[in-house]
Structure formats: structure tokens, C-alpha cells
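J.: The following file, final06.cif, comprises mmCIF, C-alpha atoms:
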data_start
#
loop_
_atom_site.label_atom_id
_atom_site.label_comp_id
_atom_site.auth_asym_id
_atom_site.auth_seq_id
_atom_site.Cartn_x
_atom_site.Cartn_y
_atom_site.Cartn_z
CA MET A 21 100.11 68.90 90.82
CA THR A 22 101.74 71.87 89.08
CA GLU A 23 104.44 73.78 90.89
CA THR A 24 103.83 77.51 90.93
CA ARG A 25 106.93 79.65 90.76
CA ASP A 26 107.24 82.80 92.80
CA PRO A 27 107.62 85.57 90.18
CA ARG A 28 109.77 87.50 92.64
CA TYR A 29 112.42 84.76 92.46
CA PRO A 30 112.41 83.25 88.96
CA VAL A 31 115.77 81.52 89.54
CA GLY A 32 115.03 80.73 93.20
CA ARG A 33 116.14 82.54 96.32
CA PHE A 34 119.82 83.18 96.90
CA LYS A 35 121.46 80.38 98.87
CA PRO A 36 125.20 80.94 99.40
CA VAL A 37 127.60 78.05 99.70
CA THR A 38 129.60 78.60 102.89
CA ASN A 39 132.95 77.40 101.60
CA PRO A 40 132.65 77.67 97.83
CA GLY A 41 135.23 75.78 95.83
CA PRO A 42 136.68 76.81 92.49
CA ASP A 43 133.76 75.40 90.47
CA ILE A 44 131.18 77.52 92.29
CA ARG A 45 133.43 80.56 92.07
CA ARG A 46 133.98 80.01 88.33
CA GLN A 47 130.24 79.66 87.71
CA SER A 48 129.43 82.76 89.75
CA ILE A 49 132.10 84.77 87.92
CA ALA A 50 130.80 83.46 84.57
CA ASP A 51 127.26 84.54 85.53
CA LEU A 52 128.59 87.99 86.44
CA ALA A 53 130.60 88.31 83.22
CA ALA A 54 127.59 87.26 81.14
CA LEU A 55 125.29 89.94 82.55
CA PRO A 56 125.94 92.70 79.99
CA ALA A 57 125.25 90.44 76.98
CA ARG A 58 122.35 88.59 78.63
CA LEU A 59 120.72 91.83 79.70
CA ARG A 60 121.09 93.40 76.25
CA ALA A 61 119.55 90.29 74.68
CA ALA A 62 116.69 90.36 77.21
CA VAL A 63 115.74 93.98 76.44
CA GLU A 64 116.48 93.94 72.71
CA GLY A 65 113.64 95.33 70.63
CA LEU A 66 111.43 96.32 73.57
CA SER A 67 109.29 99.42 73.07
CA ASP A 68 109.00 102.17 75.68
CA GLY A 69 105.62 100.73 76.65
CA GLN A 70 107.16 97.29 77.18
CA LEU A 71 110.08 98.78 79.14
CA ASP A 72 107.53 100.49 81.37
CA THR A 73 105.69 97.23 82.12
CA PRO A 74 106.21 95.73 85.60
CA TYR A 75 107.66 92.23 85.52
CA ARG A 76 105.02 91.23 88.10
CA GLU A 77 102.13 92.89 89.88
CA GLY A 78 103.60 95.35 92.36
CA GLY A 79 107.09 94.87 90.91
CA TRP A 80 109.49 97.16 89.13
CA THR A 81 109.19 97.92 85.46
CA VAL A 82 111.73 96.46 83.06
CA ARG A 83 113.23 99.96 82.81
CA GLN A 84 113.60 100.15 86.61
CA VAL A 85 115.22 96.70 86.67
CA VAL A 86 117.85 97.80 84.14
CA HIS A 87 118.60 100.99 86.07
CA HIS A 88 118.66 98.99 89.34
CA LEU A 89 121.26 96.62 87.92
CA ALA A 90 123.49 99.57 87.04
CA ASP A 91 123.03 101.08 90.53
CA SER A 92 123.58 97.79 92.31
CA HIS A 93 126.60 96.65 90.35
CA MET A 94 128.25 100.09 90.63
CA ASN A 95 127.88 99.77 94.39
CA GLY A 96 129.12 96.20 94.17
CA LEU A 97 132.31 97.22 92.37
CA VAL A 98 133.01 99.82 95.04
CA ARG A 99 132.44 97.24 97.80
CA VAL A 100 134.87 94.79 96.16
CA LYS A 101 137.52 97.49 95.81
CA LEU A 102 137.05 98.57 99.42
CA ALA A 103 137.37 94.98 100.64
CA LEU A 104 140.54 94.49 98.59
CA THR A 105 142.21 97.62 99.91
CA GLU A 106 140.99 97.90 103.52
CA ASP A 107 140.51 95.52 106.42
CA ALA A 108 136.79 94.70 106.75
CA PRO A 109 135.60 98.18 105.79
CA ALA A 110 132.10 99.24 106.77
CA ILE A 111 130.07 99.86 103.64
CA LYS A 112 127.06 102.08 103.26
CA PRO A 113 123.95 100.30 102.04
CA TYR A 114 121.42 102.15 99.91
CA LYS A 115 117.63 102.02 99.76
CA GLU A 116 117.22 100.32 96.40
CA ALA A 117 113.43 100.58 96.39
CA LEU A 118 113.69 104.36 96.84
CA TRP A 119 116.48 104.63 94.26
CA ALA A 120 114.17 102.82 91.80
CA GLU A 121 111.66 105.67 92.19
CA LEU A 122 114.11 108.53 91.53
CA PRO A 123 113.60 110.54 88.31
CA ASP A 124 116.69 109.10 86.59
CA THR A 125 114.94 105.71 86.39
CA LYS A 126 112.62 107.22 83.78
CA LEU A 127 115.55 107.78 81.41
CA PRO A 128 116.19 105.55 78.41
CA ILE A 129 118.05 102.40 79.38
CA ALA A 130 121.10 103.05 77.14
CA PRO A 131 123.04 104.98 79.83
CA SER A 132 122.55 102.17 82.35
CA LEU A 133 123.50 99.51 79.80
CA GLY A 134 126.71 101.49 79.22
CA ILE A 135 127.36 101.66 82.97
CA ILE A 136 126.86 97.91 83.23
CA ASP A 137 129.31 97.34 80.35
CA GLY A 138 131.94 99.50 82.03
CA VAL A 139 131.43 98.21 85.56
CA HIS A 140 131.57 94.62 84.36
CA ALA A 141 134.72 95.20 82.33
CA ARG A 142 136.31 96.44 85.55
CA LEU A 143 134.87 93.60 87.66
CA ASP A 144 135.97 90.99 85.12
CA ALA A 145 139.52 92.39 85.21
CA LEU A 146 139.61 92.35 89.02
CA LEU A 147 138.07 88.91 89.44
CA ALA A 148 140.47 87.42 86.88
CA THR A 149 143.33 88.26 89.25
CA PHE A 150 141.77 86.88 92.44
CA GLU A 151 143.80 84.50 94.56
CA ASP A 152 142.11 82.24 97.13
CA SER A 153 142.97 84.78 99.83
CA ASP A 154 141.06 87.51 97.98
CA TYR A 155 137.80 85.57 98.32
CA ALA A 156 138.32 85.61 102.10
CA ARG A 157 138.59 89.42 102.20
CA THR A 158 135.51 90.98 103.77
CA PHE A 159 133.43 94.08 104.13
CA MET A 160 130.99 94.89 106.92
CA HIS A 161 127.39 95.40 105.85
CA PRO A 162 125.34 97.03 108.62
CA ASP A 163 122.36 94.73 107.95
CA ASN A 164 124.07 91.53 106.78
CA GLY A 165 127.23 91.55 108.87
CA LEU A 166 130.69 90.53 107.76
CA THR A 167 130.55 89.51 104.09
CA PRO A 168 133.43 87.63 102.44
CA LEU A 169 134.07 88.38 98.77
CA GLY A 170 133.50 84.65 98.12
CA THR A 171 129.89 85.19 99.22
CA TRP A 172 129.64 88.49 97.35
CA VAL A 173 130.69 86.79 94.08
CA GLN A 174 127.97 84.18 94.53
CA LEU A 175 125.37 86.83 95.41
CA TYR A 176 126.13 89.01 92.41
CA GLY A 177 126.27 86.03 90.05
CA TRP A 178 122.81 85.09 91.32
CA HIS A 179 121.67 88.74 91.17
CA SER A 180 122.68 88.89 87.51
CA ARG A 181 120.66 85.78 86.62
CA HIS A 182 117.77 86.80 88.90
CA HIS A 183 117.01 90.13 87.24
CA VAL A 184 117.60 88.99 83.67
CA ALA A 185 115.09 86.20 84.41
CA HIS A 186 112.54 88.81 85.55
CA ILE A 187 112.71 90.29 82.06
CA THR A 188 112.88 87.04 80.08
CA GLU A 189 110.00 85.49 82.05
CA LEU A 190 107.88 88.61 81.42
CA ARG A 191 108.66 88.37 77.72
CA LYS A 192 107.59 84.71 77.69
CA THR A 193 104.33 85.33 79.51
CA ARG A 194 103.49 88.34 77.34
CA GLY A 195 104.62 86.71 74.09
CA TRP A 196 107.08 89.50 73.30
#
Output the structure of this file as C-alpha cells.

T.:
Amino acid sequence: MTETRDPRYPVGRFKPVTNPGPDIRRQSIADLAALPARLRAAVEGLSDGQLDTPYREGGWTVRQVVHHLADSHMNGLVRVKLALTEDAPAIKPYKEALWAELPDTKLPIAPSLGIIDGVHARLDALLATFEDSDYARTFMHPDNGLTPLGTWVQLYGWHSRHHVAHITELRKTRGW
């Protein structure tokens, strides 16, 4: 029997480890740090028509995925900085599906790739200085509750792999 993969979750659903040790943290941070290069490799050479192809039926286009990563990781950097400088700050979520429909998601992907480069340079610098106590710092998400930075690091490491896999899996299935 062949296993069918859910194209919405090409690397599987996110499953946080409750008390992640240094190995899980290191891997998550490595996945985060690798996003800019992995994303650039995934979109290299794609035409506008290919960028405007949904990665699955009913899904975002490759272009929207790239812009979403910039939006999401910008918000992520702000959340990390808030958690490091305030006690359990309440963060404002955003409606990512609606953001993906805004006119700026029709732009070329170069501006968002630049944002991702800059945001990740800043994240890499912050995460390199984290002590164990920093991973315990939290922010309050109105939908998800109190979120420790140790969980956030895992989520955004997964998020980085998850969306790059949307693009690389599409390229494989389309023979691009």
C-alpha cells in the first residue's frame, strides 16, 4: 500500500517538543538560519508563470508563499524581541490568508527575499546569544495562549522547512 502525503504538510504537521534540549534547539535554529539560502535555491530560475502556480489545488502560489514567509518571519522577529524585553507581552496575530491576497503579493519576489535575508540576519544574531532562560521567555498569543520562545524556535524552524518543501515538491511534480 502506498502512503499518500498531504500536500498541505509536505514535512508533516508541526509537533513541538515540550522541553526541547540543546539538540532540538540547535536543529531548529539551523533550519531557521538555512531558510534564506534554501528558499532562494527553491525559486531559482522560476518564470513568472511558475511563480504564479499554486503549490496545490486551492493553495497559495509560489509567489504568495515567498511573500508570506517575509510577512510571517517579520512578525516572528518582532514577537521574539517583545518576549525578550517584556514579561509575557500580548502579541497581535494577523490574518495570513487575507494578507496573502493583498496587492503587494503580486510584486516580484526580490523584495521579499531581501526582507527574509535581513530578518534572518537579525534572528541569527539574536538566537546566537540565547541562554537557557531566554528560551523560557514567553509571549501571549490570543489564539494559542502563552508561547515560550523554545516553542517558537521549533515552530519557525518547521515553518521554514514546511514552505520551502511546498515549492520543492511542486517543482518535482511539475518537472521544473

J.: Which residue out of A:Pro27, A:Gln70, A:Gln47, A:Ile135 has the minimum interatomic distance to Gly170 in chain A when only C-alpha atoms are used?

T.: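 Checking each of A:Pro27, A:Gln70, A:Gln47, A:Ile135 against Gly170 in chain A, counting only C-alpha atoms, the winner is A:Gln47.
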
J.: Which is closest to Met160 in chain A among A:Ile44, A:Leu66, A:Ala103, A:Ala61, if we use all atoms listed in the file?

T.: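 Closest candidate: A:Ala103.
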
J.: Give me the residues near Asp107 in chain A as an mmCIF file with C-alpha atoms, in the frame of the given file, where near means some atom within 9 Å (using only C-alpha atoms) and where sequence neighbours in that chain fewer than 4 positions away do not count.

T.:
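Once everything was written out, this is selection34.cif:
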data_model
loop_
_atom_site.group_PDB
_atom_site.id
_atom_site.type_symbol
_atom_site.label_atom_id
_atom_site.label_comp_id
_atom_site.auth_asym_id
_atom_site.auth_seq_id
_atom_site.Cartn_x
_atom_site.Cartn_y
_atom_site.Cartn_z
ATOM 1 C CA LEU A 102 137.050 98.570 99.420
ATOM 2 C CA ALA A 103 137.370 94.980 100.640
ATOM 3 C CA ARG A 157 138.590 89.420 102.200
ATOM 4 C CA THR A 158 135.510 90.980 103.770
ATOM 5 C CA PHE A 159 133.430 94.080 104.130
#

J.: List the spatial neighbours of Thr188 in chain A as a list in words - criterion: any atom at most 10 Å away, all atoms listed in the file, same-chain residues fewer than 6 positions off excluded.

T.: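 Final neighbour list, sorted by chain and number: Pro30, Arg58, Leu59, Ala61, Ala62, Val63, Tyr75, Val82, Arg194 and Trp196 of chain A.
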
J.: At a cut-off of 12 Å, using all atoms listed in the file, what residues contact Trp178 in chain A? Leave out same-chain residues fewer than 6 positions from it and give the result as an NGL selection string.

T.: :A and (29-37 or 44-45 or 47-55 or 171-172 or 184-185)

J.: Determine the residue membership of the PyMOL selection byres ((chain A and resi 136) around 10) for the file above and supply it as number ranges by chain.

T.: A: 55-57, 59, 86-87, 89-94, 130-135, 137-142

J.: For the PyMOL selection byres ((chain A and resi 69) around 12), applied here, can you spell out every residue it catches as number ranges by chain?

T.: A: 65-68, 70-74, 81-83, 126, 128, 196

J.: Return the single residue from A:Phe150, A:His179, A:Leu190, A:Thr167 that is closest to Arg46 in chain A, with distances computed using all atoms listed in the file.

T.: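 Once distances to Arg46 in chain A are computed over all atoms listed in the file, the minimum belongs to A:Phe150.
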
J.: Just say which residues the PyMOL selection byres ((chain A and resi 113) around 10) picks in this file, as a list in words.

T.: Asn95, Arg99, Ala110, Ile111, Lys112, Tyr114, Lys115, Glu116, His161, Pro162, Asp163 and Asn164 of chain A

J.: Ranking A:Val85, A:Gln174, A:Leu143, A:Leu122 by minimum distance to Tyr155 in chain A and counting all atoms listed in the file, which one comes first?

T.: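 Nearest to Tyr155 in chain A: A:Gln174.
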
J.: So the first atom is CA of Ala117 in chain A and the second is CA of Gly78 in chain A; what is the distance between them in Å, to one decimal place?

T.: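 CA of Gly78 in chain A lies 11.8 Å from CA of Ala117 in chain A.
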
J.: Select, from A:Arg60, A:Arg28, A:Arg76, A:Lys101, the residue with the minimum atom-to-atom distance to Asp154 in chain A, counting only C-alpha atoms.

T.: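 Checking each candidate against Asp154 in chain A, we get A:Lys101 as the closest.
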
J.: Using Å and a single decimal, report how far CA of Val173 in chain A sits from CA of Leu97 in chain A.

T.: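 About the pair CA of Leu97 in chain A and CA of Val173 in chain A: they are 10.7 Å apart.
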
J.: As an exercise, work out the distance from CA of His186 in chain A to CA of Ala120 in chain A in Å and give it to one decimal place.

T.: 15.4 Å

J.: N, CA and C atoms are needed for range 45-58 of chain A; please write them out as a short mmCIF file (atom, residue, chain, number, x, y, z; two decimals), in the frame of the given file.

T.:
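New file part.cif:
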data_model
loop_
_atom_site.label_atom_id
_atom_site.label_comp_id
_atom_site.auth_asym_id
_atom_site.auth_seq_id
_atom_site.Cartn_x
_atom_site.Cartn_y
_atom_site.Cartn_z
N ARG A 45 132.89 79.23 92.36
CA ARG A 45 133.43 80.56 92.07
C ARG A 45 133.45 80.82 90.57
N ARG A 46 133.92 79.85 89.80
CA ARG A 46 133.98 80.01 88.33
C ARG A 46 132.60 80.25 87.75
N GLN A 47 131.60 79.49 88.22
CA GLN A 47 130.24 79.66 87.71
C GLN A 47 129.69 81.03 88.08
N SER A 48 129.92 81.45 89.31
CA SER A 48 129.43 82.76 89.75
C SER A 48 130.09 83.88 88.94
N ILE A 49 131.37 83.76 88.70
CA ILE A 49 132.10 84.77 87.92
C ILE A 49 131.60 84.74 86.47
N ALA A 50 131.33 83.57 85.94
CA ALA A 50 130.80 83.46 84.57
C ALA A 50 129.42 84.12 84.48
N ASP A 51 128.58 83.91 85.51
CA ASP A 51 127.26 84.54 85.53
C ASP A 51 127.38 86.07 85.58
N LEU A 52 128.34 86.55 86.38
CA LEU A 52 128.59 87.99 86.44
C LEU A 52 129.06 88.52 85.08
N ALA A 53 130.03 87.85 84.50
CA ALA A 53 130.60 88.31 83.22
C ALA A 53 129.57 88.29 82.10
N ALA A 54 128.60 87.39 82.20
CA ALA A 54 127.59 87.26 81.14
C ALA A 54 126.48 88.30 81.24
N LEU A 55 126.40 89.01 82.37
CA LEU A 55 125.29 89.94 82.55
C LEU A 55 125.14 90.95 81.42
N PRO A 56 126.17 91.68 81.02
CA PRO A 56 125.94 92.70 79.99
C PRO A 56 125.30 92.12 78.72
N ALA A 57 125.81 91.03 78.22
CA ALA A 57 125.25 90.44 76.98
C ALA A 57 123.86 89.86 77.22
N ARG A 58 123.67 89.18 78.34
CA ARG A 58 122.35 88.59 78.63
C ARG A 58 121.29 89.67 78.82
#
